[in-house]
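So the structure is just underneath, and the comments pick up after that.
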Amino acid sequence: MLVVLLTVLFSLSSNAQTGLKKVYNEDINPIEQIDQAIVKAKSEGKFVICQVGGNWCPWCLRFADFITNDTTISKVIDENFEYIHVNYNPRKSQGAEKLKQGKALMKRLNNAGRFGFPVLVVLDEEGKVIHIQDSGLLEEGDGYNQKKVLGFFKGWTPNAVKN
């Protein structure tokens with residue numbers, strides 16, 4: 001009982017510390033999520049960006065909040081990408097099926113998790129991985145650097161890559 005209570009308190013405490021909106025849907029199949037995003041992006045002439053991480057990751061939630069609240073960055077994203085938050089949780093407590101999905105996800109995304117989380121994976125309109133971005137290189141202090149983040153997104157737009 002004490003372990004359960006401590007776990008609940010820790011969970012509430014860590015969520016209260018970030019105070020940020022959870023953006024990862026833990027109930028959907030990540031491979032299917034990516035496939036659907038590719039279809040949509042292709043029909044709109046966009047690329048897909050997968051922000052891989054989870055609600056368990058404070059830096060993942062910070063990045064999501066940062067790009068949502070910066071209108072310059074969010075405009076570049078909206079115009080050029082189908083942006084999805086792809087849930088990945090490597091903990092064994094998730095169960096065998098989720099672990100299997102996680103392994104398939106990492107294989108599909110060229111083992112992007114090797115860079116830590118969040119990791120940003122750019123897929124072209126065919127679903128091919130064309131870039132993996134270590135988000136740590138975009139950080140500044142307890143947040144993210146607007147110039148670096150904007151540079152990343154602008155550098156990987158369909159127009160920038162194809163011209």
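Lettering and numbering for the structure tokens are positional, with chains as A, B, ... in the shown order, residues counted from 1 in each chain, and ligands counted from 1 in the shown order.
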
Do you know which residues are at most 12 Å from Glu44 (chain A) counting only C-alpha atoms, after dropping those on the same chain fewer than 5 positions away, and could you put them as number ranges by chain?
-> A: 37-39, 78-82, 125, 158

Export N, CA and C atoms of the chosen residues as a compact mmCIF listing (two decimals), in the first residue's frame?
```txt
# COMPACT_ATOMS: atom_id res chain seq x y z
N ALA A 37 -0.15 9.66 -40.71
CA ALA A 37 0.46 10.98 -40.90
C ALA A 37 1.13 11.07 -42.27
N ILE A 38 1.75 10.00 -42.73
CA ILE A 38 2.40 9.99 -44.04
C ILE A 38 1.37 10.19 -45.15
N VAL A 39 0.25 9.49 -45.06
CA VAL A 39 -0.81 9.64 -46.07
C VAL A 39 -1.29 11.09 -46.12
N ASP A 78 3.09 24.33 -39.24
CA ASP A 78 1.77 24.16 -39.86
C ASP A 78 1.84 24.18 -41.39
N GLU A 79 2.71 25.02 -41.93
CA GLU A 79 2.79 25.15 -43.38
C GLU A 79 3.57 24.03 -44.06
N ASN A 80 4.43 23.34 -43.31
CA ASN A 80 5.36 22.40 -43.95
C ASN A 80 5.33 20.96 -43.46
N PHE A 81 4.70 20.74 -42.32
CA PHE A 81 4.81 19.40 -41.72
C PHE A 81 3.48 18.89 -41.19
N GLU A 82 3.35 17.59 -41.20
CA GLU A 82 2.35 16.90 -40.40
C GLU A 82 3.13 16.53 -39.14
N GLU A 125 7.74 12.45 -47.88
CA GLU A 125 6.36 12.11 -48.23
C GLU A 125 6.14 10.62 -48.48
N PRO A 158 10.00 20.67 -46.94
CA PRO A 158 10.09 20.03 -48.27
C PRO A 158 10.79 20.93 -49.29
```

List every residue of chain A that DSSP, applied to the backbone of this structure, places in strand (DSSP E or B), and write the result as a list in words.
->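 Secondary structure check on chain A, strand (DSSP E or B): Phe47, Val48, Ile49, Cys50, Gln51, Val52, Gly53, Phe81, Glu82, Tyr83, Ile84, His85, Val86, Asn87, Val119, Leu120, Val121, Val122, Leu123, Val129, Ile130, His131, Ile132, Gln133, Asp134, Glu139, Glu140, Gly143 and Tyr144 of chain A.
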
Closest pair table for region 110-139 of chain A residues within 12 Å of region 54-72 of chain A, only C-alpha atoms, as a Markdown table:
```
| residue | atom | partner | partner_atom | distance |
| --- | --- | --- | --- | --- |
| A:Gly113 | CA | A:Gly54 | CA | 11.8 |
| A:Gly116 | CA | A:Trp59 | CA | 10.1 |
| A:Phe117 | CA | A:Cys60 | CA | 6.5 |
| A:Pro118 | CA | A:Cys60 | CA | 4.9 |
| A:Val119 | CA | A:Cys60 | CA | 8.4 |
| A:Leu120 | CA | A:Cys60 | CA | 10.2 |
| A:Asp134 | CA | A:Cys60 | CA | 11.9 |
| A:Ser135 | CA | A:Phe63 | CA | 8.6 |
| A:Gly136 | CA | A:Trp59 | CA | 9.2 |
| A:Leu138 | CA | A:Phe63 | CA | 9.6 |
| A:Glu139 | CA | A:Phe63 | CA | 9.2 |
```

Taking the chain letters and numbering used in this document, name the residues of region 44-157 of chain A that DSSP puts in alpha helix (DSSP H), as a PyMOL selection string.
-> chain A and resi 44+58-69+71-80+96-108+146-155

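In this model, the gap between CA of Ile49 (chain A) and CA of Gln94 (chain A) comes to 24.8 Å.
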
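The closest residue to Arg108 (chain A), picked from A:Lys21, A:Lys92, A:Gly127, A:Phe47 and counting only C-alpha atoms, is A:Gly127.
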
Can you list, as a list in words, every protein, DNA or RNA residue that comes within 10 Å of region 28-36 of chain A when you count only C-alpha atoms, leaving out same-chain residues fewer than 3 positions away?
->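 Selected residues are Tyr24, Asn25, Val39, Lys40, Ala41, Val48, Ile49, Cys50, Val52, Glu82, Tyr83, Ile84, His85, Val86, Asn87, Tyr88, Lys98, Gln101, Gly102, Ala104, Leu105, Met106, Arg108, Leu109, Leu123, Glu126 and Gly127 of chain A.
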
For the residues in that selection, give me N, CA, C and O atoms as a JSON list (two decimals), in the first residue's frame.
```
[["chain", "number", "residue", "atom", "x", "y", "z"],
["A", 24, "TYR", "N", 1.08, 13.18, -25.59],
["A", 24, "TYR", "CA", 1.25, 11.86, -26.19],
["A", 24, "TYR", "C", 0.05, 10.98, -25.89],
["A", 24, "TYR", "O", -0.33, 10.81, -24.74],
["A", 25, "ASN", "N", -0.52, 10.39, -26.94],
["A", 25, "ASN", "CA", -1.61, 9.43, -26.78],
["A", 25, "ASN", "C", -0.98, 8.06, -26.58],
["A", 25, "ASN", "O", -0.40, 7.49, -27.52],
["A", 39, "VAL", "N", 0.25, 9.49, -45.06],
["A", 39, "VAL", "CA", -0.81, 9.64, -46.07],
["A", 39, "VAL", "C", -1.29, 11.09, -46.12],
["A", 39, "VAL", "O", -1.41, 11.68, -47.20],
["A", 40, "LYS", "N", -1.54, 11.66, -44.96],
["A", 40, "LYS", "CA", -2.02, 13.05, -44.90],
["A", 40, "LYS", "C", -0.96, 14.01, -45.42],
["A", 40, "LYS", "O", -1.26, 14.92, -46.21],
["A", 41, "ALA", "N", 0.28, 13.84, -45.00],
["A", 41, "ALA", "CA", 1.36, 14.74, -45.42],
["A", 41, "ALA", "C", 1.56, 14.68, -46.94],
["A", 41, "ALA", "O", 1.72, 15.72, -47.59],
["A", 48, "VAL", "N", 6.62, 14.70, -42.66],
["A", 48, "VAL", "CA", 6.15, 14.34, -41.32],
["A", 48, "VAL", "C", 7.29, 14.57, -40.34],
["A", 48, "VAL", "O", 8.44, 14.23, -40.64],
["A", 49, "ILE", "N", 6.95, 15.15, -39.21],
["A", 49, "ILE", "CA", 7.92, 15.18, -38.10],
["A", 49, "ILE", "C", 7.30, 14.41, -36.95],
["A", 49, "ILE", "O", 6.19, 14.72, -36.51],
["A", 50, "CYS", "N", 8.05, 13.41, -36.50],
["A", 50, "CYS", "CA", 7.65, 12.63, -35.33],
["A", 50, "CYS", "C", 8.44, 13.15, -34.15],
["A", 50, "CYS", "O", 9.68, 13.09, -34.15],
["A", 52, "VAL", "N", 9.28, 12.01, -30.91],
["A", 52, "VAL", "CA", 9.22, 10.74, -30.19],
["A", 52, "VAL", "C", 9.61, 10.98, -28.74],
["A", 52, "VAL", "O", 10.62, 11.61, -28.43],
["A", 82, "GLU", "N", 3.35, 17.59, -41.20],
["A", 82, "GLU", "CA", 2.35, 16.90, -40.40],
["A", 82, "GLU", "C", 3.13, 16.53, -39.14],
["A", 82, "GLU", "O", 4.05, 15.70, -39.18],
["A", 83, "TYR", "N", 2.84, 17.20, -38.03],
["A", 83, "TYR", "CA", 3.62, 17.06, -36.80],
["A", 83, "TYR", "C", 2.86, 16.14, -35.85],
["A", 83, "TYR", "O", 1.71, 16.42, -35.50],
["A", 84, "ILE", "N", 3.50, 15.07, -35.43],
["A", 84, "ILE", "CA", 2.85, 14.12, -34.53],
["A", 84, "ILE", "C", 3.73, 13.83, -33.32],
["A", 84, "ILE", "O", 4.95, 13.82, -33.40],
["A", 85, "HIS", "N", 3.06, 13.60, -32.19],
["A", 85, "HIS", "CA", 3.73, 13.19, -30.97],
["A", 85, "HIS", "C", 3.61, 11.67, -30.89],
["A", 85, "HIS", "O", 2.50, 11.15, -30.70],
["A", 86, "VAL", "N", 4.72, 10.99, -31.06],
["A", 86, "VAL", "CA", 4.73, 9.53, -31.11],
["A", 86, "VAL", "C", 5.18, 8.99, -29.76],
["A", 86, "VAL", "O", 6.33, 9.21, -29.34],
["A", 87, "ASN", "N", 4.27, 8.30, -29.09],
["A", 87, "ASN", "CA", 4.55, 7.78, -27.77],
["A", 87, "ASN", "C", 5.53, 6.61, -27.82],
["A", 87, "ASN", "O", 5.38, 5.68, -28.60],
["A", 88, "TYR", "N", 6.54, 6.69, -26.97],
["A", 88, "TYR", "CA", 7.50, 5.60, -26.81],
["A", 88, "TYR", "C", 7.80, 5.48, -25.32],
["A", 88, "TYR", "O", 8.17, 6.45, -24.67],
["A", 98, "LYS", "N", 3.18, -3.63, -25.83],
["A", 98, "LYS", "CA", 3.74, -2.27, -25.94],
["A", 98, "LYS", "C", 5.25, -2.33, -26.17],
["A", 98, "LYS", "O", 5.79, -1.51, -26.92],
["A", 101, "GLN", "N", 5.69, -3.13, -29.80],
["A", 101, "GLN", "CA", 5.43, -1.92, -30.60],
["A", 101, "GLN", "C", 6.62, -0.97, -30.52],
["A", 101, "GLN", "O", 7.00, -0.37, -31.53],
["A", 102, "GLY", "N", 7.18, -0.83, -29.34],
["A", 102, "GLY", "CA", 8.32, 0.06, -29.15],
["A", 102, "GLY", "C", 9.53, -0.36, -29.96],
["A", 102, "GLY", "O", 10.21, 0.47, -30.57],
["A", 104, "ALA", "N", 9.44, -2.19, -32.71],
["A", 104, "ALA", "CA", 9.10, -1.96, -34.12],
["A", 104, "ALA", "C", 9.22, -0.48, -34.47],
["A", 104, "ALA", "O", 9.69, -0.11, -35.55],
["A", 105, "LEU", "N", 8.81, 0.37, -33.55],
["A", 105, "LEU", "CA", 8.90, 1.81, -33.75],
["A", 105, "LEU", "C", 10.35, 2.24, -33.92],
["A", 105, "LEU", "O", 10.69, 2.97, -34.85],
["A", 106, "MET", "N", 11.22, 1.80, -33.01],
["A", 106, "MET", "CA", 12.62, 2.20, -33.10],
["A", 106, "MET", "C", 13.27, 1.67, -34.38],
["A", 106, "MET", "O", 14.07, 2.36, -35.01],
["A", 108, "ARG", "N", 11.70, 1.16, -37.23],
["A", 108, "ARG", "CA", 11.12, 1.99, -38.30],
["A", 108, "ARG", "C", 11.79, 3.36, -38.37],
["A", 108, "ARG", "O", 11.96, 3.92, -39.45],
["A", 109, "LEU", "N", 12.17, 3.90, -37.22],
["A", 109, "LEU", "CA", 12.75, 5.24, -37.15],
["A", 109, "LEU", "C", 14.28, 5.23, -37.00],
["A", 109, "LEU", "O", 14.87, 6.14, -36.43],
["A", 123, "LEU", "N", 10.42, 12.62, -41.72],
["A", 123, "LEU", "CA", 10.11, 11.63, -42.76],
["A", 123, "LEU", "C", 9.68, 12.37, -44.02],
["A", 123, "LEU", "O", 8.92, 13.34, -43.94],
["A", 126, "GLU", "N", 7.23, 9.86, -48.61],
["A", 126, "GLU", "CA", 7.12, 8.41, -48.78],
["A", 126, "GLU", "C", 7.32, 7.67, -47.45],
["A", 126, "GLU", "O", 7.23, 6.45, -47.41],
["A", 127, "GLY", "N", 7.63, 8.40, -46.40],
["A", 127, "GLY", "CA", 7.82, 7.79, -45.09],
["A", 127, "GLY", "C", 9.25, 7.40, -44.80],
["A", 127, "GLY", "O", 9.54, 6.77, -43.78]]
```
